[in-house]
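Enquirer: What follows is entry-v1.cif; its format and atoms are mmCIF, C-alpha atoms.
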data_structure
loop_
_atom_site.group_PDB
_atom_site.id
_atom_site.type_symbol
_atom_site.label_atom_id
_atom_site.label_comp_id
_atom_site.auth_asym_id
_atom_site.auth_seq_id
_atom_site.Cartn_x
_atom_site.Cartn_y
_atom_site.Cartn_z
ATOM 1 C CA MET G 1397 124.579 82.263 131.087
ATOM 2 C CA PRO G 1398 124.785 85.754 132.688
ATOM 3 C CA GLU G 1399 126.465 86.011 136.057
ATOM 4 C CA THR G 1400 124.188 86.491 139.045
ATOM 5 C CA VAL G 1401 125.082 89.357 141.372
ATOM 6 C CA LEU G 1402 124.125 88.739 145.007
ATOM 7 C CA ARG G 1403 124.207 91.032 148.040
ATOM 8 C CA SER G 1404 123.352 90.041 151.638
ATOM 9 C CA PHE G 1405 121.804 92.065 154.463
ATOM 10 C CA GLY G 1406 120.878 91.475 158.112
ATOM 11 C CA GLN G 1407 121.374 88.518 160.374
ATOM 12 C CA GLY G 1408 119.730 86.240 162.930
ATOM 13 C CA THR G 1409 116.049 86.825 163.506
ATOM 14 C CA GLU G 1410 116.211 90.622 163.828
ATOM 15 C CA PRO G 1411 113.740 92.777 161.899
ATOM 16 C CA LEU G 1412 114.799 93.269 158.299
ATOM 17 C CA LEU G 1413 113.406 95.077 155.254
ATOM 18 C CA ILE G 1414 114.602 94.702 151.661
ATOM 19 C CA VAL G 1415 113.000 96.459 148.694
ATOM 20 C CA HIS G 1416 113.538 96.559 144.941
ATOM 21 C CA GLY G 1417 112.609 99.029 142.249
ATOM 22 C CA GLY G 1418 112.943 96.748 139.243
ATOM 23 C CA ALA G 1419 115.671 94.906 137.352
ATOM 24 C CA GLY G 1420 116.788 95.030 133.732
ATOM 25 C CA HIS G 1421 119.260 96.411 131.220
ATOM 26 C CA ARG G 1422 119.356 100.191 130.957
ATOM 27 C CA SER G 1423 119.216 101.645 127.455
ATOM 28 C CA THR G 1424 121.143 104.680 128.711
ATOM 29 C CA PRO G 1425 123.083 105.189 131.962
ATOM 30 C CA LEU G 1426 121.330 106.992 134.776
ATOM 31 C CA THR G 1427 122.064 110.686 134.813
ATOM 32 C CA GLU G 1428 123.462 112.259 137.964
ATOM 33 C CA ASP G 1429 120.052 113.766 138.683
ATOM 34 C CA GLY G 1430 118.312 110.462 137.934
ATOM 35 C CA ALA G 1431 120.573 108.566 140.311
ATOM 36 C CA ALA G 1432 120.093 111.162 143.061
ATOM 37 C CA SER G 1433 116.318 110.996 142.623
ATOM 38 C CA ALA G 1434 116.304 107.193 142.802
ATOM 39 C CA HIS G 1435 118.499 107.162 145.924
ATOM 40 C CA ALA G 1436 116.218 109.706 147.604
ATOM 41 C CA ALA G 1437 113.123 107.722 146.649
ATOM 42 C CA LEU G 1438 114.578 104.487 148.019
ATOM 43 C CA GLU G 1439 115.575 106.207 151.260
ATOM 44 C CA LYS G 1440 111.982 107.409 151.660
ATOM 45 C CA VAL G 1441 110.726 103.884 150.981
ATOM 46 C CA LEU G 1442 113.038 102.432 153.624
ATOM 47 C CA ALA G 1443 112.039 105.083 156.163
ATOM 48 C CA ALA G 1444 108.363 104.233 155.738
ATOM 49 C CA GLY G 1445 108.807 100.466 156.016
ATOM 50 C CA TRP G 1446 111.427 100.520 158.756
ATOM 51 C CA ALA G 1447 109.322 102.855 160.917
ATOM 52 C CA VAL G 1448 106.713 100.089 161.105
ATOM 53 C CA LEU G 1449 109.229 97.411 162.054
ATOM 54 C CA ALA G 1450 111.051 99.643 164.550
ATOM 55 C CA GLU G 1451 107.778 100.199 166.409
ATOM 56 C CA GLY G 1452 107.101 96.466 166.616
ATOM 57 C CA GLY G 1453 104.659 96.419 163.704
ATOM 58 C CA SER G 1454 103.982 93.467 161.452
ATOM 59 C CA ALA G 1455 105.979 92.437 158.411
ATOM 60 C CA GLY G 1456 102.819 92.773 156.309
ATOM 61 C CA ASP G 1457 102.253 96.369 157.395
ATOM 62 C CA ALA G 1458 105.912 97.198 156.748
ATOM 63 C CA VAL G 1459 105.712 95.741 153.236
ATOM 64 C CA ILE G 1460 102.573 97.761 152.451
ATOM 65 C CA ALA G 1461 104.135 100.979 153.769
ATOM 66 C CA ALA G 1462 107.240 100.434 151.645
ATOM 67 C CA VAL G 1463 105.409 99.433 148.466
ATOM 68 C CA ARG G 1464 103.038 102.405 148.733
ATOM 69 C CA GLU G 1465 106.052 104.712 148.637
ATOM 70 C CA LEU G 1466 107.496 102.803 145.679
ATOM 71 C CA GLU G 1467 104.176 103.182 143.860
ATOM 72 C CA ASP G 1468 104.121 106.918 144.548
ATOM 73 C CA ALA G 1469 107.662 107.478 143.230
ATOM 74 C CA PRO G 1470 107.795 108.184 139.462
ATOM 75 C CA ASP G 1471 111.330 106.749 139.371
ATOM 76 C CA PHE G 1472 109.927 103.204 139.272
ATOM 77 C CA ASN G 1473 107.501 101.177 137.167
ATOM 78 C CA ALA G 1474 104.474 100.994 139.477
ATOM 79 C CA GLY G 1475 101.642 103.351 140.344
ATOM 80 C CA HIS G 1476 102.488 106.950 139.388
ATOM 81 C CA GLY G 1477 105.049 106.629 136.598
ATOM 82 C CA ALA G 1478 104.130 103.087 135.573
ATOM 83 C CA ALA G 1479 105.024 101.739 132.130
ATOM 84 C CA LEU G 1480 102.337 102.234 129.482
ATOM 85 C CA THR G 1481 100.564 99.715 127.283
ATOM 86 C CA SER G 1482 100.617 99.936 123.484
ATOM 87 C CA ALA G 1483 97.444 102.021 123.810
ATOM 88 C CA GLY G 1484 99.181 104.536 126.077
ATOM 89 C CA ALA G 1485 97.368 103.582 129.300
ATOM 90 C CA ALA G 1486 98.544 102.260 132.663
ATOM 91 C CA GLU G 1487 97.267 98.831 133.731
ATOM 92 C CA LEU G 1488 98.481 97.987 137.214
ATOM 93 C CA ASP G 1489 98.993 94.694 139.067
ATOM 94 C CA ALA G 1490 99.908 93.930 142.676
ATOM 95 C CA SER G 1491 100.024 91.081 145.181
ATOM 96 C CA LEU G 1492 100.632 90.612 148.893
ATOM 97 C CA MET G 1493 101.328 87.487 150.939
ATOM 98 C CA THR G 1494 102.034 87.066 154.631
ATOM 99 C CA GLY G 1495 103.902 84.195 156.208
ATOM 100 C CA ASP G 1496 100.762 82.629 157.649
ATOM 101 C CA GLY G 1497 99.532 81.880 154.114
ATOM 102 C CA ALA G 1498 97.108 84.774 153.684
ATOM 103 C CA SER G 1499 97.284 86.482 150.293
ATOM 104 C CA GLY G 1500 95.511 88.895 147.981
ATOM 105 C CA ALA G 1501 96.101 90.293 144.504
ATOM 106 C CA VAL G 1502 94.654 92.511 141.788
ATOM 107 C CA ALA G 1503 95.357 92.684 138.062
ATOM 108 C CA GLY G 1504 94.589 95.300 135.448
ATOM 109 C CA VAL G 1505 93.473 98.059 137.810
ATOM 110 C CA THR G 1506 93.347 101.521 136.262
ATOM 111 C CA THR G 1507 92.078 103.831 139.005
ATOM 112 C CA VAL G 1508 93.561 102.550 142.313
ATOM 113 C CA ARG G 1509 96.181 105.036 143.498
ATOM 114 C CA ASN G 1510 98.121 102.339 145.373
ATOM 115 C CA PRO G 1511 97.415 98.873 143.971
ATOM 116 C CA ILE G 1512 99.108 97.194 146.952
ATOM 117 C CA THR G 1513 96.269 98.520 149.139
ATOM 118 C CA ALA G 1514 93.738 96.835 146.850
ATOM 119 C CA ALA G 1515 95.703 93.584 147.171
ATOM 120 C CA ARG G 1516 95.527 93.970 150.951
ATOM 121 C CA ALA G 1517 91.772 94.578 150.707
ATOM 122 C CA VAL G 1518 91.299 91.394 148.677
ATOM 123 C CA MET G 1519 93.216 89.500 151.359
ATOM 124 C CA ASP G 1520 91.366 91.033 154.301
ATOM 125 C CA ARG G 1521 87.884 91.726 152.933
ATOM 126 C CA SER G 1522 87.092 88.974 150.464
ATOM 127 C CA GLU G 1523 86.988 85.192 150.328
ATOM 128 C CA HIS G 1524 89.207 85.184 147.257
ATOM 129 C CA VAL G 1525 92.856 85.686 146.312
ATOM 130 C CA LEU G 1526 92.871 87.416 142.916
ATOM 131 C CA PHE G 1527 90.558 89.971 141.279
ATOM 132 C CA ALA G 1528 90.969 91.089 137.665
ATOM 133 C CA ALA G 1529 89.963 94.727 137.074
ATOM 134 C CA PRO G 1530 87.697 95.023 140.152
ATOM 135 C CA THR G 1531 84.628 97.183 139.654
ATOM 136 C CA GLY G 1532 84.196 100.669 141.012
ATOM 137 C CA ALA G 1533 81.618 99.371 143.486
ATOM 138 C CA GLN G 1534 84.099 96.831 144.824
ATOM 139 C CA LEU G 1535 86.776 99.495 145.220
ATOM 140 C CA VAL G 1536 84.354 101.702 147.153
ATOM 141 C CA GLU G 1537 83.377 98.771 149.352
ATOM 142 C CA TRP G 1538 87.044 98.004 150.039
ATOM 143 C CA GLY G 1539 87.732 101.647 150.915
ATOM 144 C CA VAL G 1540 90.803 102.039 148.699
ATOM 145 C CA GLU G 1541 91.747 105.433 147.315
ATOM 146 C CA THR G 1542 91.021 105.942 143.618
ATOM 147 C CA VAL G 1543 92.283 108.519 141.114
ATOM 148 C CA ASP G 1544 91.755 109.463 137.492
ATOM 149 C CA PRO G 1545 93.734 107.129 135.169
ATOM 150 C CA ASP G 1546 95.773 110.111 133.939
ATOM 151 C CA TYR G 1547 97.377 110.310 137.396
ATOM 152 C CA PHE G 1548 99.606 107.356 136.525
ATOM 153 C CA VAL G 1549 100.840 108.693 133.167
ATOM 154 C CA THR G 1550 104.030 110.794 133.148
ATOM 155 C CA ASP G 1551 105.792 112.587 130.305
ATOM 156 C CA LYS G 1552 108.797 110.315 130.787
ATOM 157 C CA ARG G 1553 106.690 107.197 130.217
ATOM 158 C CA ARG G 1554 104.993 108.732 127.178
ATOM 159 C CA SER G 1555 108.405 109.415 125.661
ATOM 160 C CA GLU G 1556 109.611 105.945 126.582
ATOM 161 C CA LEU G 1557 106.617 104.353 124.872
ATOM 162 C CA ALA G 1558 107.082 106.450 121.718
ATOM 163 C CA ALA G 1559 110.774 105.548 121.564
ATOM 164 C CA PHE G 1560 110.031 101.860 122.024
ATOM 165 C CA GLN G 1561 107.338 101.836 119.363
ATOM 166 C CA ASP G 1562 109.756 103.566 116.989
ATOM 167 C CA ARG G 1563 112.583 101.144 117.751
ATOM 168 C CA PRO G 1564 111.520 98.090 119.822
ATOM 169 C CA ASP G 1565 114.094 96.531 122.139
ATOM 170 C CA PRO G 1566 112.629 93.904 124.512
ATOM 171 C CA ALA G 1567 115.808 93.979 126.623
ATOM 172 C CA PHE G 1568 114.657 97.275 128.125
ATOM 173 C CA GLN G 1569 111.038 96.414 128.877
ATOM 174 C CA HIS G 1570 111.284 95.263 132.463
ATOM 175 C CA GLY G 1571 110.456 96.920 135.770
ATOM 176 C CA THR G 1572 108.541 96.133 138.944
ATOM 177 C CA VAL G 1573 108.705 97.132 142.613
ATOM 178 C CA GLY G 1574 108.525 94.983 145.705
ATOM 179 C CA ALA G 1575 109.353 94.538 149.368
ATOM 180 C CA VAL G 1576 110.052 91.680 151.752
ATOM 181 C CA ALA G 1577 110.219 91.970 155.518
ATOM 182 C CA ARG G 1578 110.757 90.097 158.781
ATOM 183 C CA ASP G 1579 109.294 91.534 161.969
ATOM 184 C CA SER G 1580 110.260 91.299 165.639
ATOM 185 C CA ALA G 1581 107.872 88.356 166.124
ATOM 186 C CA GLY G 1582 109.677 86.386 163.416
ATOM 187 C CA HIS G 1583 106.914 86.630 160.813
ATOM 188 C CA VAL G 1584 107.681 87.410 157.169
ATOM 189 C CA ALA G 1585 105.734 88.998 154.311
ATOM 190 C CA ALA G 1586 106.190 89.942 150.661
ATOM 191 C CA GLY G 1587 104.511 92.367 148.281
ATOM 192 C CA THR G 1588 105.023 93.227 144.609
ATOM 193 C CA SER G 1589 103.523 95.880 142.315
ATOM 194 C CA THR G 1590 103.995 96.811 138.653
ATOM 195 C CA GLY G 1591 102.784 98.585 135.546
ATOM 196 C CA GLY G 1592 103.900 95.613 133.453
ATOM 197 C CA ILE G 1593 106.185 96.105 130.457
ATOM 198 C CA VAL G 1594 106.513 98.982 128.020
ATOM 199 C CA ASN G 1595 104.176 98.611 125.021
ATOM 200 C CA GLN G 1596 102.515 95.467 126.362
ATOM 201 C CA GLN G 1597 99.225 94.492 124.755
ATOM 202 C CA PRO G 1598 96.240 95.737 126.770
ATOM 203 C CA GLY G 1599 95.135 92.983 129.113
ATOM 204 C CA ARG G 1600 98.552 91.310 129.380
ATOM 205 C CA ILE G 1601 99.305 89.972 132.870
ATOM 206 C CA GLY G 1602 102.782 89.101 134.109
ATOM 207 C CA ASP G 1603 104.029 87.320 137.214
ATOM 208 C CA THR G 1604 103.487 90.160 139.699
ATOM 209 C CA PRO G 1605 99.867 89.441 140.741
ATOM 210 C CA LEU G 1606 100.327 85.662 140.651
ATOM 211 C CA VAL G 1607 101.037 84.309 144.115
ATOM 212 C CA GLY G 1608 103.837 81.776 143.764
ATOM 213 C CA ALA G 1609 105.238 83.346 140.602
ATOM 214 C CA GLY G 1610 106.063 86.938 141.540
ATOM 215 C CA THR G 1611 105.378 86.871 145.283
ATOM 216 C CA PHE G 1612 105.499 84.273 148.049
ATOM 217 C CA ALA G 1613 105.888 84.144 151.834
ATOM 218 C CA ASP G 1614 106.019 81.379 154.428
ATOM 219 C CA ASP G 1615 106.970 81.908 158.081
ATOM 220 C CA GLY G 1616 108.899 78.647 158.025
ATOM 221 C CA THR G 1617 111.119 79.508 155.090
ATOM 222 C CA VAL G 1618 111.268 82.779 153.151
ATOM 223 C CA ALA G 1619 109.502 85.851 151.806
ATOM 224 C CA VAL G 1620 110.184 86.515 148.117
ATOM 225 C CA SER G 1621 109.463 89.301 145.600
ATOM 226 C CA CYS G 1622 110.495 89.048 141.939
ATOM 227 C CA THR G 1623 111.104 91.341 138.973
ATOM 228 C CA GLY G 1624 112.067 90.536 135.406
ATOM 229 C CA THR G 1625 110.850 88.581 132.399
ATOM 230 C CA GLY G 1626 107.344 87.923 133.688
ATOM 231 C CA GLU G 1627 106.407 85.117 131.322
ATOM 232 C CA VAL G 1628 109.452 83.083 132.364
ATOM 233 C CA PHE G 1629 108.952 83.844 136.066
ATOM 234 C CA ILE G 1630 105.395 82.530 135.667
ATOM 235 C CA THR G 1631 106.364 79.233 134.043
ATOM 236 C CA GLU G 1632 109.195 78.740 136.550
ATOM 237 C CA VAL G 1633 106.821 79.606 139.446
ATOM 238 C CA ALA G 1634 109.866 81.534 140.571
ATOM 239 C CA ALA G 1635 108.943 82.846 144.026
ATOM 240 C CA HIS G 1636 107.555 79.509 145.202
ATOM 241 C CA SER G 1637 110.543 77.721 143.669
ATOM 242 C CA VAL G 1638 112.851 79.598 146.038
ATOM 243 C CA HIS G 1639 110.650 78.539 148.967
ATOM 244 C CA ALA G 1640 110.493 74.925 147.760
ATOM 245 C CA ARG G 1641 114.263 74.621 147.501
ATOM 246 C CA VAL G 1642 114.622 75.892 151.061
ATOM 247 C CA ALA G 1643 111.769 73.788 152.453
ATOM 248 C CA LEU G 1644 112.307 70.537 150.571
ATOM 249 C CA ALA G 1645 115.951 70.500 149.516
ATOM 250 C CA GLY G 1646 117.331 72.205 152.611
ATOM 251 C CA MET G 1647 119.128 74.863 150.590
ATOM 252 C CA ASP G 1648 120.200 78.191 152.019
ATOM 253 C CA ALA G 1649 118.167 81.108 150.676
ATOM 254 C CA ASP G 1650 121.048 82.458 148.604
ATOM 255 C CA GLU G 1651 121.783 79.094 146.968
ATOM 256 C CA ALA G 1652 118.087 78.579 146.211
ATOM 257 C CA THR G 1653 117.743 82.051 144.697
ATOM 258 C CA VAL G 1654 120.778 81.718 142.448
ATOM 259 C CA GLU G 1655 119.569 78.338 141.207
ATOM 260 C CA VAL G 1656 116.156 79.782 140.315
ATOM 261 C CA LEU G 1657 117.745 82.729 138.484
ATOM 262 C CA ASP G 1658 119.994 80.282 136.602
ATOM 263 C CA ARG G 1659 116.928 78.372 135.422
ATOM 264 C CA ILE G 1660 115.329 81.639 134.301
ATOM 265 C CA ALA G 1661 118.485 82.597 132.393
ATOM 266 C CA ALA G 1662 118.595 79.168 130.728
ATOM 267 C CA ARG G 1663 115.144 79.958 129.325
ATOM 268 C CA GLU G 1664 116.386 83.309 127.982
ATOM 269 C CA GLY G 1665 114.824 85.265 130.826
ATOM 270 C CA MET G 1666 116.407 87.731 133.211
ATOM 271 C CA GLY G 1667 115.565 89.630 136.339
ATOM 272 C CA GLY G 1668 116.049 89.924 140.060
ATOM 273 C CA ILE G 1669 114.771 88.447 143.311
ATOM 274 C CA ILE G 1670 114.791 89.783 146.867
ATOM 275 C CA VAL G 1671 114.469 87.369 149.777
ATOM 276 C CA VAL G 1672 114.115 87.610 153.550
ATOM 277 C CA PRO G 1673 114.331 84.232 155.304
ATOM 278 C CA ALA G 1674 112.687 83.291 158.582
ATOM 279 C CA GLU G 1675 116.186 83.308 160.064
ATOM 280 C CA GLY G 1676 119.482 84.603 158.750
ATOM 281 C CA ALA G 1677 120.641 87.144 156.201
ATOM 282 C CA GLY G 1678 118.337 88.415 153.494
ATOM 283 C CA LEU G 1679 119.486 89.080 149.948
ATOM 284 C CA ALA G 1680 119.066 90.900 146.669
ATOM 285 C CA ALA G 1681 120.128 88.975 143.566
ATOM 286 C CA TYR G 1682 119.904 89.724 139.845
ATOM 287 C CA ASN G 1683 121.226 88.543 136.477
ATOM 288 C CA SER G 1684 119.853 91.429 134.438
ATOM 289 C CA GLY G 1685 122.574 94.047 134.193
ATOM 290 C CA ASP G 1686 121.363 95.989 137.217
ATOM 291 C CA MET G 1687 118.598 96.414 139.756
ATOM 292 C CA PHE G 1688 117.354 99.136 142.071
ATOM 293 C CA TYR G 1689 117.409 97.723 145.616
ATOM 294 C CA ALA G 1690 117.744 98.846 149.225
ATOM 295 C CA SER G 1691 117.740 97.424 152.745
ATOM 296 C CA ALA G 1692 117.179 98.496 156.327
ATOM 297 C CA SER G 1693 118.065 96.726 159.583
ATOM 298 C CA SER G 1694 119.372 97.614 163.026
ATOM 299 C CA ALA G 1695 122.796 98.000 161.408
ATOM 300 C CA GLY G 1696 121.557 100.826 159.184
ATOM 301 C CA SER G 1697 120.339 101.257 155.633
ATOM 302 C CA HIS G 1698 121.745 100.864 152.134
ATOM 303 C CA THR G 1699 120.495 101.936 148.693
ATOM 304 C CA HIS G 1700 121.734 100.821 145.279
ATOM 305 C CA VAL G 1701 120.853 102.327 141.906
#
Written as structure tokens, that's how I'd like the structure from this file.

Expert:
Amino acid sequence: MPETVLRSFGQGTEPLLIVHGGAGHRSTPLTEDGAASAHAALEKVLAAGWAVLAEGGSAGDAVIAAVRELEDAPDFNAGHGAALTSAGAAELDASLMTGDGASGAVAGVTTVRNPITAARAVMDRSEHVLFAAPTGAQLVEWGVETVDPDYFVTDKRRSELAAFQDRPDPAFQHGTVGAVARDSAGHVAAGTSTGGIVNQQPGRIGDTPLVGAGTFADDGTVAVSCTGTGEVFITEVAAHSVHARVALAGMDADEATVEVLDRIAAREGMGGIIVVPAEGAGLAAYNSGDMFYASASSAGSHTHV
């Protein structure tokens, strides 16, 4: 079973933001330029999310601000620069949950510039939780920004798809972005967004837009965002499983997270999880070779690529 790497951030009940840019094995090491670009992107993500928390804003708003920046950065598999399906298109998923139990999600969107904003619209402007490929009329009604589908496709992802189709290697298919936050009022929130996996069949849905699998938040326990082998995270109901271990078994967040990742590894899955608890240190954990992650608190910020 692969070893789980765990890093802790923050303390007490102070505001805290942790983000991830996807976990998985890397087919080739990051170049110096690639690493610099990823660090810069993560710093911009932290600045956007932390600005909300520093001004007394809500955890939900901080998560949305951070995830929007992650979706706009071509370094990560979400929004602009998302992984492409076998047909060469981007199909995007996202979910959002706040600690009071409110949630919203979208799956298979192809024209929403920032899918996390559509997830927020589902939460705030509908009676439902999850929409699959919402219509253009719905998107207009929700007031989310739309773009041409070509906006999401980059030369890097085209090359990646061609290389994968020439020589498939499922170990390098993973990637998702997410954020978890705790605000000055003690509320938590989580959001996750993805383009899925390289060369996935059109219409495939992973754990990201499924509340409880890829995303979960409860003000009494934890906020969780996941990345990794989506099918295994779904069947393990991974994000909720972290919450359940804290709520029902009395585990610390780090112990609960490692146990969930161990179960995923036992089923030949891999990935990473970020967690911010209602009280105490937050964490980034992964058993997948590596993970992009970053944190911001009153003690400062940290980025890892």

Enquirer: Counting only C-alpha atoms, which residue out of G:Ser1580, G:Ser1522, G:Ser1684, G:Thr1653 sits closest to His1421 in chain G?

Expert: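 The shortest atom-to-atom distance to His1421 in chain G comes from G:Ser1684.
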
Enquirer: Considering all atoms listed in the file, state which residue in the set G:Ala1609, G:Ala1619, G:Leu1466, G:Ile1670 is at the smallest distance from His1639 in chain G.

Expert: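 With all atoms listed in the file as the atom set, the closest residue is G:Ala1619.
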
Enquirer: Contacts between range 1546-1559 of chain G and range 1434-1525 of chain G, please, where a residue of range 1434-1525 of chain G counts if it comes within 10 Å (with all atoms listed in the file); show its shortest atom pair and distance in Å to one decimal, rows by chain and ascending number, as a Markdown table.

Expert:
| residue | atom | partner | partner_atom | distance |
| --- | --- | --- | --- | --- |
| G:Glu1467 | CA | G:Phe1548 | CA | 9.6 |
| G:Asp1468 | CA | G:Phe1548 | CA | 9.2 |
| G:Pro1470 | CA | G:Thr1550 | CA | 7.8 |
| G:Asp1471 | CA | G:Lys1552 | CA | 9.6 |
| G:Asn1473 | CA | G:Arg1553 | CA | 9.2 |
| G:Ala1474 | CA | G:Phe1548 | CA | 8.5 |
| G:Gly1475 | CA | G:Phe1548 | CA | 5.9 |
| G:His1476 | CA | G:Phe1548 | CA | 4.1 |
| G:Gly1477 | CA | G:Phe1548 | CA | 5.5 |
| G:Ala1478 | CA | G:Phe1548 | CA | 6.3 |
| G:Ala1479 | CA | G:Arg1553 | CA | 6.0 |
| G:Leu1480 | CA | G:Leu1557 | CA | 6.6 |
| G:Thr1481 | CA | G:Leu1557 | CA | 8.0 |
| G:Ser1482 | CA | G:Leu1557 | CA | 7.6 |
| G:Ala1483 | CA | G:Leu1557 | CA | 9.5 |
| G:Gly1484 | CA | G:Arg1554 | CA | 7.3 |
| G:Ala1485 | CA | G:Val1549 | CA | 7.3 |
| G:Ala1486 | CA | G:Phe1548 | CA | 6.5 |
| G:Glu1487 | CA | G:Phe1548 | CA | 9.3 |
| G:Leu1488 | CA | G:Phe1548 | CA | 9.5 |
| G:Thr1506 | CA | G:Phe1548 | CA | 8.6 |
| G:Thr1507 | CA | G:Tyr1547 | CA | 8.5 |
| G:Val1508 | CA | G:Phe1548 | CA | 9.7 |
| G:Arg1509 | CA | G:Phe1548 | CA | 8.1 |

Enquirer: Any chance you could resolve the PyMOL selection byres ((chain G and resi 1463-1465) around 8) against this file and give the residues as a tab-separated table (two decimals) with C-alpha atoms, in the coordinates of the input?

Expert:
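Writing the result to expr-v5.tsv gives the following:
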chain	number	residue	atom	x	y	z
G	1437	ALA	CA	113.12	107.72	146.65
G	1440	LYS	CA	111.98	107.41	151.66
G	1441	VAL	CA	110.73	103.88	150.98
G	1444	ALA	CA	108.36	104.23	155.74
G	1459	VAL	CA	105.71	95.74	153.24
G	1460	ILE	CA	102.57	97.76	152.45
G	1461	ALA	CA	104.14	100.98	153.77
G	1462	ALA	CA	107.24	100.43	151.65
G	1466	LEU	CA	107.50	102.80	145.68
G	1467	GLU	CA	104.18	103.18	143.86
G	1468	ASP	CA	104.12	106.92	144.55
G	1469	ALA	CA	107.66	107.48	143.23
G	1510	ASN	CA	98.12	102.34	145.37
G	1512	ILE	CA	99.11	97.19	146.95
G	1513	THR	CA	96.27	98.52	149.14
G	1573	VAL	CA	108.70	97.13	142.61
G	1574	GLY	CA	108.52	94.98	145.71
G	1575	ALA	CA	109.35	94.54	149.37
G	1587	GLY	CA	104.51	92.37	148.28
G	1588	THR	CA	105.02	93.23	144.61
G	1589	SER	CA	103.52	95.88	142.32

Enquirer: Find the spatial neighbours of Gly1667 in chain G, counting all atoms listed in the file, within a cut-off of 8 Å - ignore same-chain residues fewer than 4 positions away - and output them as a count of residues only.

Expert: 10

Enquirer: Taking the file as shown, what set of residues would the PyMOL selection byres ((chain G and resi 1585) around 10) give back, as a PyMOL selection string?

Expert: chain G and resi 1413+1454-1460+1492-1499+1575-1579+1583-1584+1586-1587+1611-1615+1618-1621+1671-1674

Enquirer: Please provide as a short mmCIF file (atom, residue, chain, number, x, y, z; two decimals) with C-alpha atoms, keeping the file's coordinate frame all residues within 12 Å of Gly1539 in chain G, with the sequence filter that same-chain residues fewer than 4 positions apart are discarded (counting only C-alpha atoms).

Expert:
data_model
loop_
_atom_site.label_atom_id
_atom_site.label_comp_id
_atom_site.auth_asym_id
_atom_site.auth_seq_id
_atom_site.Cartn_x
_atom_site.Cartn_y
_atom_site.Cartn_z
CA VAL G 1508 93.56 102.55 142.31
CA ARG G 1509 96.18 105.04 143.50
CA ASN G 1510 98.12 102.34 145.37
CA THR G 1513 96.27 98.52 149.14
CA ALA G 1514 93.74 96.84 146.85
CA ALA G 1515 95.70 93.58 147.17
CA ARG G 1516 95.53 93.97 150.95
CA ALA G 1517 91.77 94.58 150.71
CA VAL G 1518 91.30 91.39 148.68
CA ASP G 1520 91.37 91.03 154.30
CA ARG G 1521 87.88 91.73 152.93
CA GLY G 1532 84.20 100.67 141.01
CA ALA G 1533 81.62 99.37 143.49
CA GLN G 1534 84.10 96.83 144.82
CA LEU G 1535 86.78 99.50 145.22
#

Enquirer: Which neighbours of Pro1605 in chain G fall inside 6 Å, counting all atoms listed in the file, when residues of the same chain fewer than 5 positions from it are skipped, and could you give them as a ChimeraX atom specification?

Expert: /G:1489-1491,1501

Enquirer: Please save C-alpha atoms of the selected residues as an mmCIF file, in the frame of the given file.

Expert:
data_model
loop_
_atom_site.group_PDB
_atom_site.id
_atom_site.type_symbol
_atom_site.label_atom_id
_atom_site.label_comp_id
_atom_site.auth_asym_id
_atom_site.auth_seq_id
_atom_site.Cartn_x
_atom_site.Cartn_y
_atom_site.Cartn_z
ATOM 1 C CA ASP G 1489 98.993 94.694 139.067
ATOM 2 C CA ALA G 1490 99.908 93.930 142.676
ATOM 3 C CA SER G 1491 100.024 91.081 145.181
ATOM 4 C CA ALA G 1501 96.101 90.293 144.504
#

Enquirer: For Val1543 in chain G, which residue among G:Val1505, G:Val1642, G:Val1607, G:Val1401 is the nearest when counting all atoms listed in the file?

Expert: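 Closest to Val1543 in chain G, using all atoms listed in the file: G:Val1505.
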
Enquirer: For range 1677-1679 of chain G, please output as a list in words all residues within 9 Å (counting all atoms listed in the file; exclusion window: fewer than 5 positions along the same chain).

Expert: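 Counting all atoms listed in the file, the residues come to Leu1402, Arg1403, Ser1404, Phe1405, Gly1406, Gln1407, Gly1408, Thr1409, Leu1412, Leu1413, Ile1414, Ala1649, Asp1650, Thr1653, Ile1669, Ile1670, Val1671, Val1672 and Ser1691 of chain G.
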